[in-house]
Structure formats: structure tokens, C-alpha cells
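Some notes on the structure that comes next.
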Amino acid sequence: MTSNRGRERSEVGGRILGWLLIALVLASALTTIAIPRRAIAAVEDDLRDGDKYFEDGDWKKAAGAFDRAIAKAPGQVSAEAYGKRAAIFIILKDLKAGLEFVAKAKPRFPNAPEILEQEALMLWETEKRDEAVKVAEKVVAARPQTFSNQKILGEYYAGRDAVKTVAAFEGYLAGRPAELESGDVLPRIRLGFAYLANARSVLADGDDARAQQLYQRAADQFDVVIRKFGKKPNAQVNADNGLCAAYSGLGRWDQAVTVCERIIQDTKRIDATGSVWFNLGTAYLARKQPKKARSAGNEFTRLRKNEARGYILIGDSYFADNDWGNALEQYQRGEKLLKPNQARELIQLSIRLGKTYRRLPAPASGPNPNLNLAIEKLASALGSNPSSLELAAELGSAYLAAKQDSKATALTDRMLAGSEIAKAPPEQRAAILVIAGKSLFNQHKLKEARQRFEAAQQLRAGDVQIKRELVETINEQAFDLAKDTKAAQALLEQALAIDASSPATLTNIAILSIERGECEPAQKQLVRLKDLRGSDAVVTARLLARTYLCQSRPEPKKAIEAYAAAEKEAKKANAQLALAEIYTEWAPLVWDANLEDAIDKLELAVQIGSQDPDIGPAAKRNLSLALYRRGWKLMRDGKSVEAAADFERADRDPSVQRGTEGFALDFSYAVALLDANRPADAAKAFKSLAAKGNQGAYLKGAYAKVGSQFLGAYASYRTGAGPARQQACADFAKLEPEIGGKARELLASCWEMVAVEQFRAGQPGAALKSLATADKYAAGDTKRRLDMDRAVISLGKDKAAQLEGLGGNPPESLVNLGLVYDMAGKPKEAYDAWQRAKARGVNARDLQKWIDAKRRIYGY
């Protein structure tokens with residue numbers, strides 16, 4: 001505050017004169033003493049003269065009259081007269097004599113405020129301030145309306161004791177006569193700043209309402225100074241500095257900025273404390289101008305390097321810019337400057353630090369140490385201030401963020417059981433109840449959570465978030481009772497009574513209707529829900545698709561259209577899990593028409609939702625079924641290699657298979673391997689299936705009994721050699737009674753191939769025996785081929801007629817006939833036979849290979 005001490009001292013005479021003139025109206029308190037009547041009359045005359053001269057301002061004559069009266073009969077002179085005489089000493093600036101006069105008067109009137117008032121004024125003017133204050137306090141205790149001594153006390157305590165300053169200057173203004181109003185500049189300025197100091201003090205104690213009252217009183221005093229005394233020296237600048245702080249404290253940010261900016265335009269108007277920068281920065285921050293707030297905060301800390309609030313303000317500006325690292329640095333600087341007795345400031349800073357730690361980036365993996373630091377900081381602060389509901393609310397929120405729900409519950413239970421909760425404002429009590437409700441909800445203690453949310457709603461009936469939490473809890477209760485549709489419906493109706501337009505509740509009622517098979521009513525509700533604000537367009541469209549499928553007359557086409565609409569909304573909202581759910585349900589509707597599209601959708605669904613316990617298994621199962629379908633389609637198209645790959649992928653996750661689906665997939669894979677010319681792998685697969693049994697569950701007809709054994713034998717027949725192939729022939733023989741003709745055909749072919757192997761191995765006798773066995777099962781063309789084989793085994797020049805007798809069936813017989821003619825030296829006939837073989841479909845290249853091979857066999 002800017003002051004002008006010299007001018008203040010120069011006004012003493014005029015000020016005291018004013019005070020003394022007012023004293024003329026004071027009543028006399030005379031003590032009757034037995035003295036002669038003529039002496040009494042003379043004293044009274046002197047006192048009347050003294051009063052007249054005093055009123056006229058003739059101080060010397062007034063002093064003479066009062067002195068004569070006191071000399072004649074001191075006991076007959078009132079305390080009021082003594083007071084006036086003492087005042088004249090002050091007016092004439094004879095303070096030393098005045099103090100001596102008072103010292104003589106006090107034995108007669110030791111507690112008379114009329115005399116003590118003047119003594120206090122004289123002591124004050126002789127720089128004996130402490131003694132003056134002691135006397136003045138006695139005076140105002142006896143006569144509070146003694147404004148002159150109230151002013152002394154106000155000036156003395158200004159900057160020392162804000163409470164006493166306020167009491168003194170309020171007393172001064174209450175007792176000060178109207179004609180002395182012109183001297184109100186400094187008293188009102190000092191009173192305004194004392195109000196500000198008191199406001200900050202009660203704010204630190206948590207009494208926000210009282211602080212607001214004090215800030216308003218301060219603003220009123222500064223406003224009076226500007227309106228009435230604005231042109232007086234230093235009045236405007238001091239009042240502006242005060243108003244800057246008062247408006248900031250009141251949250252009247254626009255006015256605060258206007259006044260504070262007016263001050264900083266002239267650096268000479270900024271007081272030594274630099275408080276204008278802090279108040280301006282606070283106002284800027286409230287108006288969401290963090291950069292300006294930071295600039296003002298830096299100016300404040302330049303002047304007040306050791307004051308924590310400046311660094312905290314700068315930290316707040318960084319926090320508003322989401323610059324958590326710099327905010328933390330500034331808060332920590334402020335924390336070092338706070339003193340242990342600044343309890344509220346420490347609590348507020350702990351909350352700021354907790355919020356900042358919670359927002360610092362978490363590491364890529366592992367626990368978040370910043371969240372733990374937030375909890376540590378808040379828990380430590382709460383340990384020092386165990387009854388602080390504000391701290392408890394922030395710590396509880398941190399526990400929730402760290403998923404330490406049981407700790408949040410224990411904390412809120414303790415606060416709710418304490419004595420402070422009943423005194424707290426409704427919003428603070430509700431905040432604790434909401435944290436309690438959330439922690440219980442997360443632990444699935446729904447009944448207790450609901451009780452907490454209901455209690456919070458009673459305190460803040462219009463709070464939308466509390467209503468939403470309560471409705472969500474009741475919906476979760478209904479979900480738990482989904483099997484008891486009647487009880488679930490009753491709970492959902494309770495939720496509707498709280499919020500009739502809750503999209504979540506209306507959606508769950510629709511789901512409940514679908515589960516009950518009441519798809520048409522659900523469909524109507526979902527159609528209405530589409531236009532309801534806050535509804536989930538993705539969920540609504542997906543559920544609508546389900547109703548088209550479960551209604552009495554299913555409409556797959558409409559369901560597909562609804563799923564397409566749901567897909568569009570999910571992509572718009574980037575709702576990946578919802579998209580996976582949509583594709584899982586949608587794909588089976590389109591795989592008959594577009595199998596590739598269905599598989600694409602399901603592959604994406606698995607990729608997105610594989611970790612979700614509900615979506616993952618369903619998506620994987622539907623993808624397995626789609627791959628199985630495509631596998632058999634590829635088999636029909638002759639693409640057995642690709643089919644084998646699909647069957648293998650379809651069989652990767654046995655957990656999604658039902659019944660004997662795994663066997664069917666294994667069997668399909670083995671068949672594809674066999675068809676893809678991987679008979680060895682196929683044989684292993686078939687043998688494994690044969691060992692497991694239960695073929696009747698996934699194969700039909702005779703194959704239900706022997707399918708795997710039969711195909712295993714077939715694989716060995718295709719790839720085996722020597723004993724392995726002979727074993728395959730034996731297996732076919734065992735299976736012949738079950739599958740009849742096909743087995744007989746394969747038996748003939750199998751023993752024929754054994755014979756060829758034996759012949760090539762130089763065992764013609766064994767080969768003929770194998771052909772004889774094959775002949776038991778052969779029929780038609782197979783018998784003709786066996787005849788050719790026997791002729792080949794004993795091939796010579798004499799076999800021409802036998803081979804001619806086959807009539808070119810099979811075509812290979814013509815190849816062999818050509819060889820016979822070639823051995824007999826009949827090249828023309830040989831050439832003719834080979835030409836006939838080519839005409840019967842034998843490839844020229846294959847023909848040459850056969851001729852070359854058989855020449856090597858027969859050694860010519």
C-alpha cells in the first residue's frame with residue numbers, strides 16, 4: 001500500500017481540532033464537594049467561559065478559564081473539562097506540558113476516557129506508540145465510539161494484526177462524525193487490506209463462505225475510496241491494488257483483469273509486494289489464458305522469490321496446458337517454500353501434485369510409478385490432515401485409477417464414519433459417496449454400491465453423473481439376474497424410474513426381450529432408440545439385426561442391412577471391439593453367398609477381439625467353420641493343397657470346437673493331404689484317427705465303421721513298397737466284407753502293384769503268385785490288365801499272339817506288343833503296334849519312356 005506519512009503528520013492539528021469540537025457535546029460527570037457557594041459560582045463561571053472560548057476556537061483564553069477553574073476547585077471540574085484542557089495542549093502543540101497535565105489529572109480521574117483519550121493522542125504524536133496503544137485500548141473498551149483512539153489502534157495494528165485492524169477501523173467509521181469524512185482515505189484503504197488478509201486467513205481454514213463476505217467488504221471499501229476520494233494523492237492507486245485482489249478473491253475475473261491491467265500499465269503503481277501480478281495471473285488462469293497467467297506468475301516470483309504461491313500459480317498454468325513435467329517442477333519448487341503451519345496450502349498442493357503425477361506418461365510396460373507417487377503424496381498429506389475430505393476425495397480417485405478398489409472402500413468408509421462428514425457441504429459429502437460407490441461397483445458389490453450412489457443422489461439430486469452411475473449400477477444388478485427375467489425386468493424398471501430416457505436401460509430392456517424371444521417388441525423399441533440422444537448407434541443397429549433373425553418370420557436380408565449400418569457406425573466411432581462383434585454375427589449370414597467376404601470379416605474379428613472373453617471364442621469358432629466350408633469348396637475345385645491349408649487353420653484352436661468337430665476337421669485334412677499327393681502324411685493322420693475311434697459320429701455309411709482304417713490303408717497302398725504295400729493289401733482284405741466292391745477293386749490293384757515290384761526285383765515267381773491273388777478280386781478290364789502283366793512277366797517272341805488277343809485293351813498292351821515284334825526283328829509290326837498305342841491315347845513321350853525302360857528290363 002502506498003502511503004504519505006509526512007502529509008498525515010501535517011494534518012494532526014486540524015484532525016485533533018475536529019475531535020475536540022465533537023467533544024463539546026459530551027455530557028459532564030460532576031462530583032459534588034462541599035465548598036463555599038461563592039467559590040462554586042466562580043468555578044462554574046470559569047468553566048462556562050472555558051466552554052465558550054473552546055467553541056470559538058480561542059484556545060489561549062479557553063486554557064486560562066479551565067486553568068482558573070481547576071486551581072479554584074479541582075474537585076468541582078468534570079473529567080470532560082479536564083479532557084478539553086488536555087486537548088488544548090495538543091492543539092497548541094505543547095505535548096510535553098500536556099502529558100504533565102494529564103499525569104496530574106489522572107489521580108483524580110484514573111479511568112476517565114475523556115482524559116485517557118487525549119493522553120493516548122499525545123503519546124502517539126510523541127512516538128510513544130506502544131504506550132499510546134495501551135491507553136487507547138482502555139478508552140475504546142469503555143467508550144467504543146471514541147473514534148480518535150479507534151483510528152490510533154487501526155493504524156498501529158495495520159500490517160500486524162488484521163483482525164484488530166478491522167475492529168479498530170470499523171469502530172472509527174462507526175463513531176467518526178460526518179464532517180470528518182474527508183480523512184477517511186487511509187482508514188478505508190487500511191481497512192480494505194485488513195479485510196483481504198482476514199479473507200485469506202479464513203480461506204486457509206476452509207471457510208469459503210466467510211472469505212467471500214470479507215472479500216466483498218474489502219471491495220466495498222476500495223470502491224468508496226475511488227468514488228469519493230479518487231483525486232486525492234495515492235487514493236486511486238491504493239484502491240486499485242486492493243480491488244485487484246478483492247475481485248480476484250470474489251472470482252469476478254473480468255473485473256479483476258480490468259483493474260489489475262490498469263495497475264501494471266504504470267510500474268510506479270505496482271506495490272512492493274507485487275501482489276497485483278499474482279492476482280492478475282490467477283484471473284488470467286480462470287479465464288483460460290495460461291500463457292498470460294504464466295507470464296504474470298513469473299513477474300510475481302521475480303519480486304517474491306521465497307513465496308510458494310507464485311510457483312504454484314506457474315505450475316497451474318503449465319497444468320492447464322497439459323505440460324505435466326513443467327507443472328510438477330513448479331509445484332515441487334513451491335512445496336519447498338511452504339511452512340509446516342500452512343496446512344491448507346499444503347493440502348491444496350498435495351492435491352495438485354497427486355493430479356499431476358496421475359497424468360504423467362506411464363511406462364510402456366509394467367506398473368505406473370507416477371500413479372504410485374500420486375498415491376504416496378496424497379496419503380502422506382492425509383496422514384497429516386486425517387479429517388480433510390478434500391484430500392480423501394483426491395486420494396480415493398487415485399486409488400480407483402490404480403485399481404486399488406479395496407483401499408478406496410476402506411478410505412471412504414473411514415471418512416463416512418468420521419465426525420467431519422456431517423459438517424461438510426453437500427457436494428463434498430456426495431464426492432466421498434460417489435468414490436465409495438465406484439470402488440464397490442468395481443468389486444461387484446452392487447447392492448452396497450447402489451446404496452452409496454442413492455445417498456449421493458439425495459445430496460445432489462440434479463447431478464447428472466451421479467444419476468448415470470446409479471442407473472449403471474442398477475443395470476448391472478439386472479444383468480446379474482438375467483436368467484431370472486422377471487427380477488431383471490423389475491430392476492430395469494427401477495432404473496427407468498430414475499432416468500426414463502436412459503439409453504443403457506432402454507437397450508438392456510430390448511436385450512431382455514430378445515432373450516425371452518419377444519423379438520417384435522424389442523424391434524419396435526430399438527427403432528425408437530435409434531433417435532434417442534446418447535444412445536449407442538452401433539449397439540442399437542446390431543441388436544436390431546438380431547431381432548430380424550429371431551422374429552417369427554426371419555428376415556436375413558434386413559438383418560444384413562442392419563449389420564451393414566452397425567458396421568458403418570462402428571467404423572465412424574472407431575469402435576474396434578464392436579466391429580469384431582458385428583463381423584462375428586454377420587459373417588454366417590453371408591458365407592453361402594460370399595464365402596471369401598465372410599472369412600475376411602471373421603479374420604478381422606479374431607484379430608481385434610481374440611483377447612475378449614466373449615467375442616474371441618465366438619469369432620474363432622465361426623472362422624473355423626468358414627475355413628472348413630472353404631476347404632471342401634477347394635477340394636471340389638481340385639485345389640487340394642489350398643484345402644489342406646484351410647483345414648489345418650480351422651483345426652488350430654480345439655477349445656472352440658464342439659462334439660466331434662475336431663475329428664471331422666482332422667479327417668478332412670487327411671483327405672486333402674492324400675489328394676495333394678502327400679500320402680505319407682495322410683497315412684499318419686488316418687492311422688491316428690483310426691486309433692481314436694468314434695468314426696460313426698462324423699462319417700456316414702460303411703465309412704462310419706472303417707473310414708479311417710480304409711483310407712489309411714489306401715495311403716499306404718499309394719506310397720508304400722515291399723512289405724508296407726503288402727500290409728496295405730492285407731488291410732484291404734480285412735475291410736472287404738464291410739465296404740464290398742470298392743475294396744475288391746483296390747485289392748486287385750494292390751496285389752498287381754506288389755507283383756510289378758517283385759518282377760522288377762527279379763522275382764518273377766513271386767510276381768506270378770501276386771498276380772494270381774489279384775486275379776481273385778479282379779473283374780472286367782482289370783482281368784485283361786492282369787493277363788497282360790502275366791504275358792509281360794514271361795515276355796518273349798512267342799507272346800505276340802497272346803498280346804494281340806487283348807485287342808489293345810489296356811493301351812499298354814500295344815506297347816508291350818511292339819516290344820515283342822521288335823525282339824523278333826519285325827520293326828514294321830513293332831512300329832504299327834506303337835502307333836496304335838498312341839492312337840489309344842498313350843502320350844508319345846510316355847511311350848518312348850516305356851520302350852526305353854522295358855528294353856533295359858529285358859536286356860536288348
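FYI, nothing fancy with the C-alpha cells labels: chains A, B, ... in order, residues from 1 per chain, ligands from 1 as they appear.
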
Identify, on the basis of only C-alpha atoms, every residue whose closest approach to Glu603 of chain A does not exceed 10 Å; exclude the query and any residue fewer than 4 positions from it along the same chain; express the result as a VMD selection string. chain A and resid 580 583 to 584 597 to 599 607 to 609 619 to 620 622 to 624

Determine the nearest neighbour of Cys519 of chain A from the options A:Asp316, A:Ile115, A:Arg546, A:Gly616, counting only C-alpha atoms.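 The shortest atom-to-atom distance to Cys519 of chain A comes from A:Arg546.
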
Give me, as an NGL selection string, all polymer residues having an atom no more than 10 Å from Glu307 of chain A, counting only C-alpha atoms and skipping those fewer than 4 positions away in the same chain. :A and (300-301 or 303 or 311-312 or 333-334 or 336-338)

What's the 12 Å shell around Ser419 of chain A, counting only C-alpha atoms, without same-chain residues fewer than 6 positions away, as a PyMOL selection string? chain A and resi 386-389+429

Go ahead and write the residues just picked, N, CA, C and O atoms, as a PDB file, in the first residue's frame.
ATOM      1  N   PRO A 386      -5.915 -35.892   8.710  1.00  0.00           N
ATOM      2  CA  PRO A 386      -6.799 -37.065   8.534  1.00  0.00           C
ATOM      3  C   PRO A 386      -8.271 -36.751   8.364  1.00  0.00           C
ATOM      4  O   PRO A 386      -9.030 -37.605   7.920  1.00  0.00           O
ATOM      5  N   SER A 387      -8.682 -35.538   8.683  1.00  0.00           N
ATOM      6  CA  SER A 387     -10.104 -35.211   8.560  1.00  0.00           C
ATOM      7  C   SER A 387     -10.423 -34.435   7.280  1.00  0.00           C
ATOM      8  O   SER A 387     -11.560 -34.019   7.085  1.00  0.00           O
ATOM      9  N   SER A 388      -9.431 -34.247   6.413  1.00  0.00           N
ATOM     10  CA  SER A 388      -9.649 -33.461   5.194  1.00  0.00           C
ATOM     11  C   SER A 388     -10.410 -34.282   4.156  1.00  0.00           C
ATOM     12  O   SER A 388      -9.867 -35.207   3.553  1.00  0.00           O
ATOM     13  N   LEU A 389     -11.659 -33.922   3.939  1.00  0.00           N
ATOM     14  CA  LEU A 389     -12.477 -34.626   2.949  1.00  0.00           C
ATOM     15  C   LEU A 389     -11.988 -34.338   1.534  1.00  0.00           C
ATOM     16  O   LEU A 389     -12.087 -35.194   0.648  1.00  0.00           O
ATOM     17  N   ARG A 429     -19.630 -34.127   0.543  1.00  0.00           N
ATOM     18  CA  ARG A 429     -20.132 -35.422   1.042  1.00  0.00           C
ATOM     19  C   ARG A 429     -20.499 -36.330  -0.118  1.00  0.00           C
ATOM     20  O   ARG A 429     -20.201 -37.532  -0.116  1.00  0.00           O
TER      21      ARG A 429
END

Looking only at helix (DSSP H, G or I) from DSSP on the backbone, list the matching residues of segment 185-374 of chain A as an MDAnalysis selection string. chainID A and resid 185:204 208:229 235:250 253:264 267:269 275:286 290:303 308:320 324:337 343:359 369:374

Could you give me, as a PyMOL selection string, the residues within 8 Å of Leu673 of chain A, counting only C-alpha atoms and dropping anything in the same chain fewer than 5 positions from it? chain A and resi 640-641+644+678-679+681-682

Would you mind exporting the chosen residues as a compact mmCIF listing (two decimals), in the first residue's frame, restricted to N, CA, C and O atoms?
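For reference, selection_9.txt as written:
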# COMPACT_ATOMS: atom_id res chain seq x y z
N SER A 640 -6.39 -79.14 -53.77
CA SER A 640 -6.23 -79.86 -52.52
C SER A 640 -5.16 -79.25 -51.62
O SER A 640 -5.25 -79.33 -50.38
N VAL A 641 -4.11 -78.66 -52.19
CA VAL A 641 -3.06 -78.04 -51.37
C VAL A 641 -3.65 -76.89 -50.56
O VAL A 641 -3.43 -76.78 -49.35
N ALA A 644 -5.97 -78.21 -47.86
CA ALA A 644 -5.26 -78.73 -46.69
C ALA A 644 -4.86 -77.58 -45.76
O ALA A 644 -4.96 -77.70 -44.52
N ARG A 678 0.34 -86.15 -50.76
CA ARG A 678 1.17 -86.29 -49.56
C ARG A 678 0.67 -87.51 -48.80
O ARG A 678 0.22 -87.42 -47.65
N PRO A 679 0.73 -88.68 -49.47
CA PRO A 679 0.13 -89.88 -48.89
C PRO A 679 0.77 -90.31 -47.58
O PRO A 679 0.08 -90.87 -46.72
N ASP A 681 1.97 -88.39 -45.14
CA ASP A 681 1.37 -87.59 -44.07
C ASP A 681 -0.09 -87.98 -43.87
O ASP A 681 -0.60 -88.02 -42.74
N ALA A 682 -0.77 -88.27 -44.99
CA ALA A 682 -2.16 -88.68 -44.89
C ALA A 682 -2.29 -89.98 -44.12
O ALA A 682 -3.20 -90.14 -43.30

At what distance in Å, to one decimal, does atom CA of Asn326 of chain A lie from atom CA of Thr258 of chain A? 28.8 Å

List the neighbours of segment 553-562 of chain A out to 7 Å using only C-alpha atoms; skip same-chain residues closer than 6 positions along the sequence, and give me the result as a list of chain:residue names.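 Returned residues: A:Ala541, A:Arg542, A:Leu544, A:Ala545, A:Arg546, A:Trp586.
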
Could those selected residues go to a file with all heavy atoms, as a short mmCIF file (atom, residue, chain, number, x, y, z; two decimals), in the first residue's frame?
data_model
loop_
_atom_site.label_atom_id
_atom_site.label_comp_id
_atom_site.auth_asym_id
_atom_site.auth_seq_id
_atom_site.Cartn_x
_atom_site.Cartn_y
_atom_site.Cartn_z
N ALA A 541 -28.03 -50.81 -33.73
CA ALA A 541 -28.12 -51.43 -35.06
C ALA A 541 -27.84 -52.93 -35.00
O ALA A 541 -28.51 -53.72 -35.68
CB ALA A 541 -27.15 -50.74 -36.01
N ARG A 542 -26.87 -53.32 -34.19
CA ARG A 542 -26.54 -54.76 -34.09
C ARG A 542 -27.69 -55.55 -33.47
O ARG A 542 -28.04 -56.64 -33.94
CB ARG A 542 -25.27 -54.94 -33.26
CG ARG A 542 -24.75 -56.37 -33.22
CD ARG A 542 -23.44 -56.45 -32.46
NE ARG A 542 -23.60 -56.17 -31.06
CZ ARG A 542 -24.03 -57.05 -30.16
NH1 ARG A 542 -24.36 -58.28 -30.53
NH2 ARG A 542 -24.13 -56.73 -28.89
N LEU A 544 -30.79 -54.67 -33.48
CA LEU A 544 -31.88 -54.65 -34.45
C LEU A 544 -31.71 -55.78 -35.47
O LEU A 544 -32.68 -56.46 -35.84
CB LEU A 544 -31.91 -53.29 -35.16
CG LEU A 544 -33.16 -52.96 -35.98
CD1 LEU A 544 -34.41 -53.01 -35.11
CD2 LEU A 544 -33.01 -51.58 -36.61
N ALA A 545 -30.46 -56.01 -35.89
CA ALA A 545 -30.18 -57.12 -36.81
C ALA A 545 -30.57 -58.46 -36.18
O ALA A 545 -31.16 -59.33 -36.84
CB ALA A 545 -28.71 -57.12 -37.19
N ARG A 546 -30.28 -58.61 -34.89
CA ARG A 546 -30.62 -59.87 -34.22
C ARG A 546 -32.13 -60.08 -34.15
O ARG A 546 -32.62 -61.21 -34.26
CB ARG A 546 -30.02 -59.88 -32.81
CG ARG A 546 -28.51 -60.04 -32.79
CD ARG A 546 -27.94 -60.00 -31.39
NE ARG A 546 -28.49 -61.05 -30.55
CZ ARG A 546 -28.25 -61.16 -29.25
NH1 ARG A 546 -27.47 -60.28 -28.64
NH2 ARG A 546 -28.78 -62.14 -28.55
N TRP A 586 -22.37 -61.33 -38.27
CA TRP A 586 -22.77 -61.05 -39.65
C TRP A 586 -22.27 -62.12 -40.62
O TRP A 586 -22.98 -62.53 -41.55
CB TRP A 586 -22.23 -59.67 -40.02
CG TRP A 586 -22.62 -59.12 -41.35
CD1 TRP A 586 -23.49 -59.65 -42.26
CD2 TRP A 586 -22.16 -57.89 -41.92
NE1 TRP A 586 -23.60 -58.84 -43.36
CE2 TRP A 586 -22.79 -57.75 -43.18
CE3 TRP A 586 -21.29 -56.90 -41.50
CZ2 TRP A 586 -22.56 -56.66 -44.01
CZ3 TRP A 586 -21.06 -55.81 -42.31
CH2 TRP A 586 -21.69 -55.69 -43.56
#

Identify, on the basis of only C-alpha atoms, every residue whose closest approach to Leu526 of chain A does not exceed 9 Å; exclude the query and any residue fewer than 6 positions from it along the same chain; express the result as a list in words.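 Here the answer would be Leu506, Thr507, Ala510, Thr540, Ala541, Leu543 and Leu544 of chain A.
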
Could you write out that same residue set with N, CA, C and O atoms as a tab-separated table (two decimals), in the first residue's frame?
chain	number	residue	atom	x	y	z
A	506	LEU	N	-32.87	-48.64	-21.59
A	506	LEU	CA	-33.77	-49.00	-22.70
A	506	LEU	C	-33.14	-50.08	-23.57
A	506	LEU	O	-33.83	-50.99	-24.05
A	507	THR	N	-31.84	-50.01	-23.77
A	507	THR	CA	-31.14	-51.03	-24.56
A	507	THR	C	-31.21	-52.38	-23.85
A	507	THR	O	-31.47	-53.41	-24.47
A	510	ALA	N	-34.48	-54.02	-24.19
A	510	ALA	CA	-34.58	-54.65	-25.51
A	510	ALA	C	-33.85	-55.98	-25.54
A	510	ALA	O	-34.34	-56.98	-26.09
A	540	THR	N	-27.34	-50.45	-31.00
A	540	THR	CA	-28.74	-50.44	-31.43
A	540	THR	C	-28.89	-51.14	-32.77
A	540	THR	O	-29.79	-51.98	-32.95
A	541	ALA	N	-28.03	-50.81	-33.73
A	541	ALA	CA	-28.12	-51.43	-35.06
A	541	ALA	C	-27.84	-52.93	-35.00
A	541	ALA	O	-28.51	-53.72	-35.68
A	543	LEU	N	-28.28	-54.98	-32.40
A	543	LEU	CA	-29.41	-55.66	-31.77
A	543	LEU	C	-30.60	-55.72	-32.71
A	543	LEU	O	-31.35	-56.71	-32.74
A	544	LEU	N	-30.79	-54.67	-33.48
A	544	LEU	CA	-31.88	-54.65	-34.45
A	544	LEU	C	-31.71	-55.78	-35.47
A	544	LEU	O	-32.68	-56.46	-35.84

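If only C-alpha atoms are the atoms counted, then among A:Ala461, A:Ala235, A:Leu529, A:Ala800 the closest residue to Tyr821 of chain A is A:Ala800.
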
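In this structure, atom CA of Gln451 of chain A sits 27.6 Å away from atom CA of Asn385 of chain A.
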
At most 9 Å is the cut-off: for each residue in segment 276-379 of chain A with any atom that close to an atom of segment 200-216 of chain A, write down the nearest atom pair and the distance in Å rounded to one decimal, counting only C-alpha atoms, chain first then increasing number, as a Markdown table.
| residue | atom | partner | partner_atom | distance |
| --- | --- | --- | --- | --- |
| A:Gln342 | CA | A:Ala204 | CA | 7.9 |
| A:Ala343 | CA | A:Ala204 | CA | 7.6 |
| A:Arg344 | CA | A:Ala204 | CA | 5.2 |
| A:Glu345 | CA | A:Ala204 | CA | 7.0 |
